[in-house]
Each structure stands twice: as C-alpha cells, then as structure tokens.
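Peer 1: My structure is below; once you've seen it, I'll send some questions.
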Protein chains: 2
Amino acid sequence: MNGAVDLPLELPELSFRAAGESLVRRSVLPSGVRVLSEQVPGARSATVGFWVAVGSRDEHPTEAGHPATYGSTHFLEHLLFKGTAERTALDIAVSFDAVGGEHNALTAKEYTCYYAKVQDRDLPMAVGVLADMFTSSLLDPDEFENERGVILEELSMAGDDPADVANERFFEAVLGAHPLGRPIGGTPETIRAATREAVHEHYRANYRPQDLVVTVAGAVDHDALVAELEAALRLAGWQLDVAAAPVARRSAVPAPLEVGPALTVVERPLEQVNLLVGVPGLVASDERRPTMSVLNAIFGSGMSSRLFQQVRERRGLAYAVYSFAPAYSDAGVFGMYAGCAPAKAGTVAALLRSELERLAEHGVTAEELARAAGQLGGASALALEDSDTRMSRLGRAELTLGEFQDLDEALRRIARVTADDVQQLAADLVSRPFSVVAVGATDEAALSGAADAAPATVVA
Amino acid sequence: MNGAVDLPLELPELSFRAAGESLVRRSVLPSGVRVLSEQVPGARSATVGFWVAVGSRDEHPTEAGHPATYGSTHFLEHLLFKGTAERTALDIAVSFDAVGGEHNALTAKEYTCYYAKVQDRDLPMAVGVLADMFTSSLLDPDEFENERGVILEELSMAGDDPADVANERFFEAVLGAHPLGRPIGGTPETIRAATREAVHEHYRANYRPQDLVVTVAGAVDHDALVAELEAALRLAGWQLDVAAAPVARRSAVPAPLEVGPALTVVERPLEQVNLLVGVPGLVASDERRPTMSVLNAIFGSGMSSRLFQQVRERRGLAYAVYSFAPAYSDAGVFGMYAGCAPAKAGTVAALLRSELERLAEHGVTAEELARAAGQLGGASALALEDSDTRMSRLGRAELTLGEFQDLDEALRRIARVTADDVQQLAADLVSRPFSVVAVGATDEAALSGAADAAPATVVA
C-alpha cells in the first residue's frame, strides 16, 4: 500500500510501504500505547520520540483558589530529565552523551515530545531510558526548586529575544483569548507560583498508557522495538493488558475566535523593529492545507518569493522577511515577518499587507504554481533524508492528522492545487481581521494603517 | 587507502576510500582550481560548496585616504547573489527554489563559502549556477546600494541579539588587535562608507582560479563533476590551461597576541546577563587539537559535562551553559558561556573560571575520558550522515588543515589522548590571560574577580 492511510485509533496493526521504499508499521497495544515505526533501508541511525497529545493549550487559569497552571507542561518536561528510581539526572545525561547521541524534548501548544537520535546499535538503550523517564520520573522536590530557577532563566532568555517576544504577542493578538494564543512556557509569575503538586497532577493525569505514542524512524525493526518497549514499560510497573482507548486530539472544527488587539507595540530600545502582520489561518484538518502550502511557498518562502523580492531585493528594507502558516487542531495563524529600521516600520507593515491583498486581487501565475510544486517536492525530499523529520511526521500523523501521507501522496495533493484555489484562499485570508505586532523603537501612528481599526495596546 | 591523507597543494589527482566506504577524490586543474568530492553510497542528494580562503581577517584598516574595508568580504558575498550577465538575481533564486534546494553563503573569519544542497539530478544545475555567480557577478551599482540597506539591517539584527554582541566583544577581548578579533560583517560605519570600487577590487583579487576550491559530498560522480565545472568555468571565460599555484592559508605558527580589555561590560536593559569568560586557545594545526576536543567534551559539551552539571543541574543558575574552542590558522579561543540573572553574574563568572582551574588542578577521571571518546565518535558519525557536514569537512581539509582525516583516523587520535594530556592542556589554558565579557544589566565590581586585573571597558 502506498499513499494516504487512515490511522484509526484502535486498529491493532498496520503495515505499508511509504514512498522511497521505507516500511511504515503501526501497533496499538491493548493498553492504548501506540507504536509507529518507519524503517528506512540503508539507515545507520534512528530517531525515537515519546509523545503525548498535551501542550500549553491544555493548562488552566486560576480557579477555586488554585493558581494558574500556565507553564506546567513545560515545567514537567524539564523534570522528566531529573531522575527516576533507576537513574539520576546525571545517569540519564551520561546514557546519551556516552554514545554521542542527541537527546532533548519539546513542549508545544498541543503536544509534548521527548526524543533522541542515536546510532542503530544504541536504539534499545534510547528506548529504555526514555521509557524510564516517561513512566517513572520522581519529580523530586529539591530538583523541582532547582529547575524552577533554570526555567526562569529560559524565560528570561526568550524575553531578551525580540523575535521571540514578537511571536508570542502575535499569537495573543491573532487568537485572542483562545488557549492557543497563550505562550508555551507560562510567565515568570506562573512559574514562581507553580507547585510540585500541580505539576505532579498533570503528570499523573496525562502520561498514562493510552496517552503514549512512540514513533521511531531510521534503522529500526518494528517487532524488536515493540518487544523492547513492552519490556521497559512492564519493568516500570505499567499494566499493558488492561484495555484502554487511546487518546488523540483530532478536531476538524475551527473554534470561534475573538481576536485580540489589532495593534500591539512593545517599546524597546532596539536597532530594529521586529514586525509581524497577519490574520487567523487554517486548522490542521482543513482541506485547503495543500493550497496554503502552495500559497506560502509563492508568497513568502524562499529567495524567489514575492515578499523576499518586494521587501528585500527591490527595496532593501529588511534582511529577514518571510511568511508562515502554522495549523493546530481548531485554530491556525497566517503571519508575515520582517525586521526593519524603525523609520521604515510603517512602510514595511503596509507593504506586507498590500502584497497579500495583491495576491487576493490578481492571483498567481502558472509559472509560480509550477515552481511552488517543485519547491515543496524537493524540499520535502531533502527533509525526509533526516530520520528526525520522519519521526516527527509519524507523530503528527498519529496525534493530530489521524492519517499518514507518504511523500508521493502529499505531492499529488499539491499538484492538484489550481491558481484559482490560491487566489480564493488569499481572498479569504485578507477578509479576516489583521493584527500587527511591533517590538522595538517605533510608534503606533506609523503602523495603524496596516492593522484593522482598533485602539493599540502599548506595552512599555 | 584509509585514514589521514596529506593534501599537497599541487598534486594533480588523489583517490581513496574514507571510513564508511565513501570514495574521496581530489583533482587540481593546471589553473590551480581544486575539486574535491566524496561519493557516499546510497545518497540521493548532494551538497556543493564553492570556497575561497579569504575572510574578514584579510580586510584592511583605513590607509592612504582609502576607508577601511571591514565588512567588504561579507558585502561581496551578498552581491554574488545579485546577478550576472546570464542570470538576474531572481533567476538565481528561481533556479534553486524551483527544485526545493537550499542555497546560501557563509562569510567567516578565514574563508567564504557559497553552497547548495539539492537532489542528485539537480547537481549539474547547482554547479553551473554557483560557477556563474562565482565568476561573473556584475556588482551592479544599483544593486550595490540596495544591498547596503539589507546588510545594515543584518547588522542591526545581530546588534539586537545579546548573545551575538557578547560573542563579537569576546573575540575582541581575547584576541585584541589581531585581525581575527574583528567582527566578520564590519560595522554600520564601514558598511555606510563602503565603495563599489573597493568591493570590486576584493572580488578581482581573490576570486581567481587558483583561489577556488569546489567540494561536493553525497550523490556525486567525480569525473562528471570535474567536466561540468570545467565547462561552466570556460563558459565564463576562465583560462584553465594557464599554470598557477593554488592559494591556501596553512600556518602552523601561533601569532603573538596582545589581548584586549580584561573586562568588557555592555550595559543593556535586559533580563539576563550574557556572560563569556575565556582565554586564547589553540591554532588549527596544534597537535593538541584532539586533546582540546576531549577537554571540551568533558568540560562543557552535553548535559553530562561539568559546566552543565555544576552551573545548571546543581545550582539552577543558567539555562544555557557550555564551552567552545574555535581554532584558526594562527590563533584560537577557549570560551565559556552562560546566560544568567544579573544578580548572579559575579557568582557565575567566578564559577566558570574556577571549574576550569579545578580541571587544571585535579584532572579528569578515566570514566570521563572514555565517555568523551564515545561522545565524540557517536556525534561525528551522526553528523557525517548529512552531506553538508562532509562537504564542509572537505573544504576545511583543503583550505585550512592541508590534510584529510577520515572518521576512523580522527577517532584513533582521540583514543590516544590521556588524562595527563587533558590536565596539562587545562593547566596551559588557565595560565593564559582571562577575559570576561558581559552584556546586560550588570556591574563591573561583581565581575572583576573572574577577569585578570585590568581596568574595565564599559560600553553604554
């Protein structure tokens, strides 16, 4: 089988050849643990990920005397590296360092992923250590306090990065009060107020067998992987014979949005203004996602894109300029970024918006359409050379899309996109409310033209 | 042949198997053009680089009425993307975007590299376009003015990045007036003053046949590559039959250094202090480079390293903390980085220094030594899965080391490093003058203990 495959939550076993002759297999254990692997012929290494479909969007505001749990998903992610009954934090670090492996974790808005990339011979070790961390973290109170300091430094580092600040504000502006609009790491206030009890409750509630998805790509044998994982999980005391329905986050319905401020200015004494202009985008399950990929390639991805040509090549107004279109289960964003001189911020913000409006009005050429298909196909082929990319593709397929698409199928969908499709999507986007975020030494008056009429929020 | 291979400048042809069964070949054309390839069995893509051994260190101060050329190497790098007689800037961008390739360039202190990563079928195109850019850039005056604006924005972006600012200041502090101490991109002043004539002269003087090194790794056939390259260079009007001695930068002798200020504080209203502490390091040809790799792995690379354990895991003082040891032809640097709270900057700076002193006094354990060997071997094996890494390895071998080492040979040298070697190198390092750079809201008094006694330079 080859192409697109539905991944029903409870089907016990699935096996098919993806494009490029890799072998994709999927098993669902009775306990709800899901295991997906992609065996790539000739690979000498593998990337393994342990996923749960829980992210910052699932955190709670202050309620009934309990402080907000904002940032607790990320806090827990840090704590999983801090030791189990079997392994100290140093033991965990040594396990991977001693073989030159990469290991880390990622907290996102809708999922958390613990991963490692190792040579083929070290994959059983990586599965064993990640399983121990996932199932048996101690959340030691002393380590908890220590890690609070580390996380506060991580937030400070992000707070000193103007592009990072602009990005966080942009999600708040475009998605308003929707939980996806919140920053992933919480705030210094919520991290200072975080309690071990709340983080432990989060761990207990969301790291169960039916939550766990393990994906491996590269040099992997599926049956051996399942056996090693089962052994490690049983060693941790997990009951793998108890039936439980797997948990997924697969919503097709866009949530109603009340967007935030139309114009947000964060005043900072910087050389550049970090500028973001954009609108609500598409959800992950939207049928127009291939159209969005084509639109984004033509409009703001690569040196031949319209934004690069108009803002940088023709006018020299920015070094970095691009567009982006992240999609989540029930909301999405379409954004345009440029870093520019403060005196030019108004010009650039207006230019970004007017280029999108021009796309909506005049559409794209057949040449641009063909180029986008080539660009997306080539870039995907190059990206899939890396087992990291394949491991992540398996995780997203299982957790958010409910469907596995191999490269050929994805490109068939891209090839079906027409110039009309792109123009209609652009017209839909420009009909949505625009938000503008600027971090730097600029003033609201210069920017208000690109934002939809509304009072500005100015943050000192 | 397998292991370490000398690359004499004028040997016409060389061919050997590197570890992992890749085939390395090297040709020197009579004109001095060097071509190195590494054919990796099973690869479906390739990375190609066009190199010259010229970087920011080769630029000139103000002299005889001519403004300083600082930043002109990087300026030229930008202009090579702006069009030839055959191709406009958009044509160049479209060539790579239409196939989903990655293409970019890198200006460093001692070299400049233009590179592209493409699928196998697109390699001839990539070689042709890069050859056209390299030989036949127009340096159009209008494009020159436009690109001046882009580069000023690039410098502003770097100027707003506190870690970047700290890094530039650190090289100035540790290497003093040595040309390697200067920032790569020049300054806003030198970019505003740059003339097309000076950049054109730089192009004319340093982009000759005897300067060019082309390296390709991945899915590549050496003979076809040489033929395609020769055809492209002849099309550009290059005389490839005229004998010329290839140019290289291979110096074994450390330059005398007058180090800069012992303490540099760049005052900024930031949440974190970006702290760098360090000393002059080893040159690229130093026999102790394998020892330095082991020292750096044990001391400041990875989650099990001493700096990570002492600064982050035990004390929660930083999120990011590591050491680094870049080596150049006649100078090098050993540095320790941490981002921390302003109130803790003095504590952290003293801790970084004292950890290095502890290494010099008490040495390393056999366990640490074994772990470092495993770490360096595993990390190198993973890195070499990517054709980018192999392409760069070929370029560095030719331009700076004069020797190609395959992975097995590199690991044999690592395996010979003893605990005594590491301790002696640490003792040598701590005997050198310490510099401290801090970017953020901190004060000199807190930091002076970690720097060697000298007046601070405070930059507002």
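Starting from 1 in every chain, residues are counted up; chains themselves are A, B, ... following the order of the structure tokens, and ligands are numbered from 1 as listed.
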Within 8 Å of Val52 in chain A, counting only C-alpha atoms, which residues show up once you throw out same-chain ones fewer than 4 positions away? Write them as a PyMOL selection string, please.

Peer 2: chain A and resi 111-113+206-207+211-213

Peer 1: Keeping only N, CA and C atoms, write the selected residues to a file as an mmCIF file, in the first residue's frame.

Peer 2:
data_model
loop_
_atom_site.group_PDB
_atom_site.id
_atom_site.type_symbol
_atom_site.label_atom_id
_atom_site.label_comp_id
_atom_site.auth_asym_id
_atom_site.auth_seq_id
_atom_site.Cartn_x
_atom_site.Cartn_y
_atom_site.Cartn_z
ATOM 1 N N TYR A 111 1.179 19.358 21.982
ATOM 2 C CA TYR A 111 1.819 18.090 22.307
ATOM 3 C C TYR A 111 3.127 18.329 23.051
ATOM 4 N N THR A 112 3.654 17.251 23.617
ATOM 5 C CA THR A 112 4.969 17.257 24.233
ATOM 6 C C THR A 112 5.705 16.051 23.677
ATOM 7 N N CYS A 113 6.973 16.215 23.340
ATOM 8 C CA CYS A 113 7.734 15.117 22.743
ATOM 9 C C CYS A 113 9.132 15.042 23.338
ATOM 10 N N ASN A 206 -1.887 12.758 32.564
ATOM 11 C CA ASN A 206 -1.661 12.808 31.111
ATOM 12 C C ASN A 206 -0.561 11.906 30.577
ATOM 13 N N TYR A 207 0.102 11.192 31.454
ATOM 14 C CA TYR A 207 1.183 10.312 30.996
ATOM 15 C C TYR A 207 0.822 8.857 31.266
ATOM 16 N N ASP A 211 -2.169 7.503 26.629
ATOM 17 C CA ASP A 211 -1.687 8.791 26.126
ATOM 18 C C ASP A 211 -0.422 8.643 25.286
ATOM 19 N N LEU A 212 0.308 7.574 25.524
ATOM 20 C CA LEU A 212 1.665 7.472 24.958
ATOM 21 C C LEU A 212 1.670 7.031 23.499
ATOM 22 N N VAL A 213 2.383 7.777 22.697
ATOM 23 C CA VAL A 213 2.657 7.398 21.306
ATOM 24 C C VAL A 213 4.170 7.369 21.143
#

Peer 1: If you count only C-alpha atoms, which residues fall within 6 Å of range 434-437 of chain B, apart from same-chain ones fewer than 6 positions away, as a list in words?

Peer 2: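 Skipping anything fewer than 6 positions along the chain leaves Phe170, Ala262, Leu263, Thr264, Val265, Leu275, Leu276, Val277, Gly278, Val279, Ala451 and Asp452 of chain B.
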
Peer 1: Point out the residue among A:Ala410, A:Ala331, A:Ala177, A:Leu384 with the least atom-to-atom distance to chain B, counting only C-alpha atoms.

Peer 2: A:Leu384

Peer 1: Do you know which residues are at most 12 Å from Ala227 in chain B counting only C-alpha atoms, after dropping those on the same chain fewer than 2 positions away, and could you put them as a ChimeraX atom specification?

Peer 2: /B:27,29,35,124,127-128,221-225,229-234

Peer 1: Please, could you write that set of residues out with C-alpha atoms as a PDB file, in the first residue's frame?

Peer 2:
ATOM      1  CA  SER B  27      41.817  16.935  -8.666  1.00  0.00           C
ATOM      2  CA  LEU B  29      43.452  21.676 -12.556  1.00  0.00           C
ATOM      3  CA  VAL B  35      37.984  19.921  -6.886  1.00  0.00           C
ATOM      4  CA  PRO B 124      24.757  19.843 -12.526  1.00  0.00           C
ATOM      5  CA  VAL B 127      27.359  23.603 -10.110  1.00  0.00           C
ATOM      6  CA  GLY B 128      26.501  25.698 -13.155  1.00  0.00           C
ATOM      7  CA  ASP B 221      30.483  11.284  -9.715  1.00  0.00           C
ATOM      8  CA  HIS B 222      33.899  12.924  -9.611  1.00  0.00           C
ATOM      9  CA  ASP B 223      34.702  12.792 -13.309  1.00  0.00           C
ATOM     10  CA  ALA B 224      31.327  14.177 -14.288  1.00  0.00           C
ATOM     11  CA  LEU B 225      31.691  16.913 -11.672  1.00  0.00           C
ATOM     12  CA  LEU B 229      32.776  22.509 -13.595  1.00  0.00           C
ATOM     13  CA  GLU B 230      35.373  22.949 -16.330  1.00  0.00           C
ATOM     14  CA  ALA B 231      32.655  23.568 -18.891  1.00  0.00           C
ATOM     15  CA  ALA B 232      30.996  26.179 -16.680  1.00  0.00           C
ATOM     16  CA  LEU B 233      34.270  27.956 -15.920  1.00  0.00           C
ATOM     17  CA  ARG B 234      35.301  28.010 -19.605  1.00  0.00           C
TER      18      ARG B 234
END

Peer 1: Please list as number ranges by chain every residue within 12 Å of Arg289 in chain A, counting only C-alpha atoms and excluding residues in the same chain fewer than 6 positions away.

Peer 2: A: 281-283, 295-296, 325-328, 332, 334, 401, 410, 413-414, 416-417, 421-422, 425

Peer 1: In Å, with one decimal, what is the gap from CA of Arg432 in chain B to CA of Pro256 in chain B?

Peer 2: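 Computing the Euclidean distance for CA of Arg432 in chain B and CA of Pro256 in chain B yields 12.7 Å.
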
Peer 1: May I have a table of the residues of range 281-370 of chain A lying at most 12 Å from range 148-164 of chain B, giving each one's closest pair of atoms and their distance in Å to one decimal, counting only C-alpha atoms, ordered by chain and ascending residue number, as CSV?

Peer 2:
residue,atom,partner,partner_atom,distance
A:Phe308,CA,B:Val150,CA,11.3
A:Val311,CA,B:Val150,CA,9.8
A:Arg312,CA,B:Val150,CA,6.7
A:Glu313,CA,B:Val150,CA,8.4
A:Arg314,CA,B:Val150,CA,10.4
A:Arg315,CA,B:Gly149,CA,8.4
A:Gly316,CA,B:Val150,CA,4.9
A:Leu317,CA,B:Val150,CA,6.3
A:Ala318,CA,B:Val150,CA,5.5
A:Tyr319,CA,B:Val150,CA,5.0
A:Ala320,CA,B:Glu154,CA,7.8
A:Val321,CA,B:Val150,CA,10.9
A:Ala338,CA,B:Glu153,CA,10.3
A:Gly339,CA,B:Met157,CA,7.4
A:Cys340,CA,B:Glu153,CA,6.3
A:Ala341,CA,B:Glu153,CA,7.0
A:Pro342,CA,B:Glu153,CA,10.6
A:Lys344,CA,B:Glu153,CA,11.2

Peer 1: Mind checking which residues fall within 8 Å of range 360-374 of chain B, counting only C-alpha atoms, ignoring those fewer than 5 positions away in the same chain, and posting them as a ChimeraX atom specification?

Peer 2: /A:94,97-100 /B:294,297-298,411,414-415,418-420,422-427,430

Peer 1: With distances taken over only C-alpha atoms, which of A:Glu10, A:Glu172, A:Glu189, A:Glu143 is nearest to chain B?

Peer 2: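 Distance minimum relative to chain B lands on A:Glu143.
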
Peer 1: Given only C-alpha atoms as the basis, pick out the residue of B:Ala205, B:Val174, B:Ala379, B:Ala198 nearest to chain A.

Peer 2: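 Checking each of B:Ala205, B:Val174, B:Ala379, B:Ala198 against chain A, counting only C-alpha atoms, the winner is B:Ala379.
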
Peer 1: Per DSSP on the backbone, what are the alpha helix (DSSP H) residues of range 281-443 of chain A, as a ChimeraX atom specification?

Peer 2: /A:289-300,306-307,345-362,366-383,387-396,407-415,419-430

Peer 1: Counting only C-alpha atoms, figure out which residue out of A:Asp388, A:Glu38, A:Glu228, A:Asp408 gets nearest to chain B.

Peer 2: A:Asp388

Peer 1: Using only C-alpha atoms, which residues sit within 9 Å of Gln405 in chain A once same-chain residues fewer than 3 positions away are excluded, as a list in words?

Peer 2: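 In the requested format, the answer is Asn2, Gly3, Ala4, Val5, Asp6, Ala18, Arg393, Ala397, Asp408, Glu409 and Ala410 of chain A.
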
Peer 1: Go ahead and compute the interatomic distance for CA of Glu267 in chain B and CA of Glu267 in chain A, in Å to one decimal.

Peer 2: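 Taking CA of Glu267 in chain B and CA of Glu267 in chain A, their separation equals 17.9 Å.
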
Peer 1: Provide the CA of Gly49 in chain A to CA of Ala126 in chain A distance in Å, to one decimal place.

Peer 2: 9.6 Å

Peer 1: Which of these, A:Gly237, A:Gly302, A:Gly20, A:Pro433, has the shortest distance to chain B once you count only C-alpha atoms?

Peer 2: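 Under the stated criterion, the closest residue is A:Gly302.
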
Peer 1: I need the residue nearest Ser380 in chain B from this list: B:Leu407, B:Val242, B:Val129, B:Leu7. Use only C-alpha atoms for the distance.

Peer 2: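 Under the stated criterion, the closest residue is B:Leu407.
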
Peer 1: Neighbouring residues of Ser45 in chain A were defined as those with any atom within 10 Å, considering only C-alpha atoms; residues of the same chain fewer than 5 positions away were excluded. Please report them as a list in words.

Peer 2: Val40, Gly101, Lys117, Val118, Gln119, Asp120, Arg121, Asp122, Leu123, Ala217, Gly218, Ala219, Val220, Asp386 and Ser387 of chain A; Ala381, Leu382 and Glu385 of chain B
